[in-house]
Amino acid sequence: MIQPTDIEHCMKIAIGLASTPIAPRFKYKPISLANYDVSFVNNVVRSINSGDGLSDRQRELSIKLVGKYSRQFKKLGVDITLVVENPKFITPLRQVDRTRLVSIAEETIQVQFPYNKEMISSFKSLVNKTLYTLTNKWNKEQRHYQVNYNEYNLLQIYNWTKNYRFKYTDEVLDLVNACKSIIDNRSDHAIQLVINSDNCEIKNAPESLDAWWQKNMEHKGIINQVVAAADQNIDVINRSDTFKVSKFADRILSNRGGAFNFKECTIVELIKAAQELGFKNIAYIVDGRTIQPEQVDHFSDAINHIGFDNTVCLVKHLNVEIDANRRFTSDTNFAILDSIQRFSHNKSRSEDWTPDFVIHTNTMTNIKTNEYVENKVPWFCLYTAGNQ
């Protein structure tokens, strides 16, 4: 029976890199490690062989792991009792920088934290799904992540780091507090369109926007100004006793389209809400292969509401006769389509026609803004049978 003098020797025995008095049953797997221990032991032995040494946490876990498999060591003629009770290491202690810090430099937000699979995965998800950034890279020399600086990104990163006990530079804290103050007092800072009894006025706008608004929008009707403001994410404040819109139109305004289901409203109600907001060309895009039975009635109801002469129906997989035009004209106001590209197909169009409001039954993807008049993207409204 041998007694190892150091923990490193025990770890090498565990994966077959050191001999034992009693030959193991499996030469390259003398200790039957649990699946969740294999990766750790391999990493430790790799660090030992490279001369890097183990960190304080690796040392602590190595001691526990050797003790955990004491019976298996004993079957190999190895007594680990003394080395576990009085652990010794022959490799140097590797110093690990466990700093968790958010700082700002050179127009980038720098996020520093030690290696942690969960945190890395979570941070990458934050970057890919939430942040607005063109720069996203790992600085290997300084060991931190870098993303583009803007106030939105800073607040999102600040909220994410609160779950992991990060520290922040004074500059970061000052900026975060300034942003929070603006958010808490949004009405003092956000650009607003205020609807008064007899007119609308733009507030808190930069000079360029104020000048553009006075030239292009101030002379237009209230509903046109309200829709234009919502299209630019400008807050709309209604102080008028007379200006009101329907509940569906209000919901569309609040969400620049939003989501609805078959049970809460009909297609005609959605069309009326869109028309109430001044949208003239409306497209209803459905998946012809999975049309719900109730949708067929929707088509007829919508065509009756809009009028035959102003409606086009181009649904390839529809096995039901729908009385509607098959070509776009200058009079077309409503189109039932199975693809958003349908309205621009050479075989079906005879006049330039683009939707400014789209009701769709599936998530819209690959929308190219240059396909629309003046590079404007239409408003999208999801309409399905599912719960929203």
# chains A, B, ... in the order shown; residues from 1 in each chain; ligands from 1
>>> select_by_dssp(residues="region 147-370 of chain A", states="strand (DSSP E or B)", output="ChimeraX atom specification")
/A:147-148,167-168,192-195,200-203,235-238,259-261,282-285,311-314,325,334-337,357-360
>>> residues_around(residues="Val358 (chain A)", least_positions_apart="6", cutoff="8 Å", atoms="only C-alpha atoms", output="list in words")
Ile282, Ala283, Tyr284, Ile285, Pro378, Trp379, Phe380 and Cys381 of chain A
>>> residues_around(residues="His360 (chain A)", least_positions_apart="2", cutoff="10 Å", atoms="only C-alpha atoms", output="PyMOL selection string")
chain A and resi 259+283-287+336-340+357-358+362-364+380-384
>>> write_last_selection(atoms="N, CA and C atoms", output="compact mmCIF listing (two decimals), in the first residue's frame")
# COMPACT_ATOMS: atom_id res chain seq x y z
N ALA A 259 -50.54 42.50 -31.52
CA ALA A 259 -50.95 41.11 -31.75
C ALA A 259 -52.38 40.92 -31.27
N ALA A 283 -52.83 44.77 -46.36
CA ALA A 283 -52.60 43.40 -46.83
C ALA A 283 -52.91 42.43 -45.70
N TYR A 284 -53.56 41.34 -46.06
CA TYR A 284 -53.84 40.25 -45.11
C TYR A 284 -53.07 39.04 -45.61
N ILE A 285 -51.97 38.70 -44.93
CA ILE A 285 -51.08 37.63 -45.40
C ILE A 285 -51.30 36.39 -44.56
N VAL A 286 -51.66 35.29 -45.26
CA VAL A 286 -51.98 34.04 -44.58
C VAL A 286 -51.12 32.92 -45.17
N ASP A 287 -50.99 31.86 -44.41
CA ASP A 287 -50.34 30.65 -44.90
C ASP A 287 -51.42 29.78 -45.54
N ILE A 336 -55.56 39.96 -50.08
CA ILE A 336 -55.39 38.72 -49.33
C ILE A 336 -54.30 37.94 -50.05
N LEU A 337 -53.18 37.71 -49.38
CA LEU A 337 -52.01 37.13 -50.03
C LEU A 337 -51.46 35.96 -49.22
N ASP A 338 -50.72 35.07 -49.87
CA ASP A 338 -50.04 34.02 -49.13
C ASP A 338 -48.54 34.30 -49.02
N SER A 339 -48.10 35.48 -49.46
CA SER A 339 -46.70 35.89 -49.33
C SER A 339 -46.62 37.40 -49.47
N ILE A 340 -45.74 38.02 -48.72
CA ILE A 340 -45.62 39.48 -48.81
C ILE A 340 -45.01 39.91 -50.15
N PHE A 357 -50.11 48.79 -44.17
CA PHE A 357 -50.52 48.07 -42.96
C PHE A 357 -50.67 46.60 -43.32
N VAL A 358 -50.00 45.72 -42.58
CA VAL A 358 -50.00 44.30 -42.89
C VAL A 358 -50.55 43.50 -41.71
N ASN A 362 -48.48 34.63 -39.50
CA ASN A 362 -47.21 34.03 -39.09
C ASN A 362 -46.19 35.14 -38.93
N THR A 363 -45.11 34.82 -38.19
CA THR A 363 -44.06 35.81 -37.99
C THR A 363 -43.46 36.21 -39.33
N MET A 364 -43.37 37.52 -39.58
CA MET A 364 -42.81 38.00 -40.84
C MET A 364 -41.29 38.05 -40.73
N PHE A 380 -47.02 46.18 -38.86
CA PHE A 380 -47.36 44.75 -38.87
C PHE A 380 -48.23 44.40 -37.67
N CYS A 381 -49.27 43.65 -37.94
CA CYS A 381 -50.21 43.24 -36.90
C CYS A 381 -50.39 41.73 -36.97
N LEU A 382 -49.95 41.01 -35.95
CA LEU A 382 -50.08 39.55 -35.90
C LEU A 382 -51.53 39.19 -35.54
N TYR A 383 -52.06 38.23 -36.30
CA TYR A 383 -53.46 37.82 -36.10
C TYR A 383 -53.53 36.30 -36.20
N THR A 384 -53.73 35.62 -35.07
CA THR A 384 -53.68 34.16 -35.07
C THR A 384 -54.81 33.59 -34.19
>>> residues_around(residues="Phe166 (chain A)", least_positions_apart="3", cutoff="8 Å", atoms="only C-alpha atoms", output="VMD selection string")
chain A and resid 100 to 102 161 to 162
>>> write_last_selection(atoms="C-alpha atoms", output="compact mmCIF listing (two decimals), in the first residue's frame")
# COMPACT_ATOMS: atom_id res chain seq x y z
CA ARG A 100 -16.25 41.43 -11.97
CA LEU A 101 -16.23 44.96 -13.32
CA VAL A 102 -18.11 47.14 -15.79
CA THR A 161 -24.74 42.30 -13.87
CA LYS A 162 -26.85 42.93 -10.76
>>> closest_residue(among="A:Gln58, A:Ile271, A:Asn261, A:Ile234", to="Ala249 (chain A)", atoms="only C-alpha atoms")
A:Ile271
>>> select_by_dssp(residues="region 31-241 of chain A", states="helix (DSSP H, G or I)", output="PyMOL selection string")
chain A and resi 35-50+56-68+70-75+81-85+117-129+151-164+170-184+186-189+207-216+222-231
>>> closest_residue(among="A:Ile306, A:Ile90, A:Ile7, A:Met217", to="Leu61 (chain A)", atoms="only C-alpha atoms")
A:Ile7
>>> residues_around(residues="Val45 (chain A)", least_positions_apart="2", cutoff="10 Å", atoms="only C-alpha atoms", output="list in words")
Glu8, His9, Met11, Lys12, Ala14, Ile15, Leu17, Phe40, Val41, Asn42, Asn43, Ser47, Ile48, Asn49, Ser50, Gly51, Gly53 and Leu54 of chain A
>>> write_last_selection(atoms="C-alpha atoms", output="PDB file, in the first residue's frame")
ATOM      1  CA  GLU A   8      -1.214  16.013  -7.915  1.00  0.00           C
ATOM      2  CA  HIS A   9       0.019  12.412  -7.716  1.00  0.00           C
ATOM      3  CA  MET A  11      -5.054  13.084  -9.690  1.00  0.00           C
ATOM      4  CA  LYS A  12      -2.621  11.466 -12.118  1.00  0.00           C
ATOM      5  CA  ALA A  14      -7.134   8.753 -11.241  1.00  0.00           C
ATOM      6  CA  ILE A  15      -6.739   8.926 -15.026  1.00  0.00           C
ATOM      7  CA  LEU A  17      -0.908   8.566 -15.737  1.00  0.00           C
ATOM      8  CA  PHE A  40     -12.664  18.669 -13.967  1.00  0.00           C
ATOM      9  CA  VAL A  41     -10.035  15.947 -13.412  1.00  0.00           C
ATOM     10  CA  ASN A  42      -8.845  16.191 -17.023  1.00  0.00           C
ATOM     11  CA  ASN A  43      -8.522  19.978 -16.752  1.00  0.00           C
ATOM     12  CA  SER A  47      -2.808  22.282 -15.781  1.00  0.00           C
ATOM     13  CA  ILE A  48      -0.400  20.136 -13.713  1.00  0.00           C
ATOM     14  CA  ASN A  49       1.401  18.787 -16.781  1.00  0.00           C
ATOM     15  CA  SER A  50       1.715  22.242 -18.353  1.00  0.00           C
ATOM     16  CA  GLY A  51       3.237  23.641 -15.157  1.00  0.00           C
ATOM     17  CA  GLY A  53      -0.497  24.911 -11.286  1.00  0.00           C
ATOM     18  CA  LEU A  54      -3.949  24.922  -9.730  1.00  0.00           C
TER      19      LEU A  54
END
>>> closest_residue(among="A:Phe26, A:Phe89, A:Tyr152, A:Phe328", to="Pro355 (chain A)", atoms="only C-alpha atoms")
A:Phe328
>>> residues_around(residues="Ile252 (chain A)", least_positions_apart="2", cutoff="12 Å", atoms="only C-alpha atoms", output="MDAnalysis selection string")
chainID A and resid 226:227 230:231 245:250 254:260 269:277 279 357:359 379:383
>>> closest_residue(among="A:Ile109, A:Ser187, A:Ile195, A:Asn333", to="Gln156 (chain A)", atoms="only C-alpha atoms")
A:Ile109
>>> atom_distance(atom1="CA of Asp6 (chain A)", atom2="CA of Lys29 (chain A)")
20.3 Å
>>> atom_distance(atom1="CA of Glu107 (chain A)", atom2="CA of Asn185 (chain A)")
26.1 Å
>>> atom_distance(atom1="CA of Arg59 (chain A)", atom2="CA of Lys88 (chain A)")
9.5 Å
>>> closest_residue(among="A:Gln112, A:Asn238, A:Asn199, A:Thr361", to="Ile291 (chain A)", atoms="only C-alpha atoms")
A:Thr361
>>> closest_residue(among="A:Val96, A:Ile2, A:Ile202, A:Ile31", to="Leu82 (chain A)", atoms="only C-alpha atoms")
A:Ile2
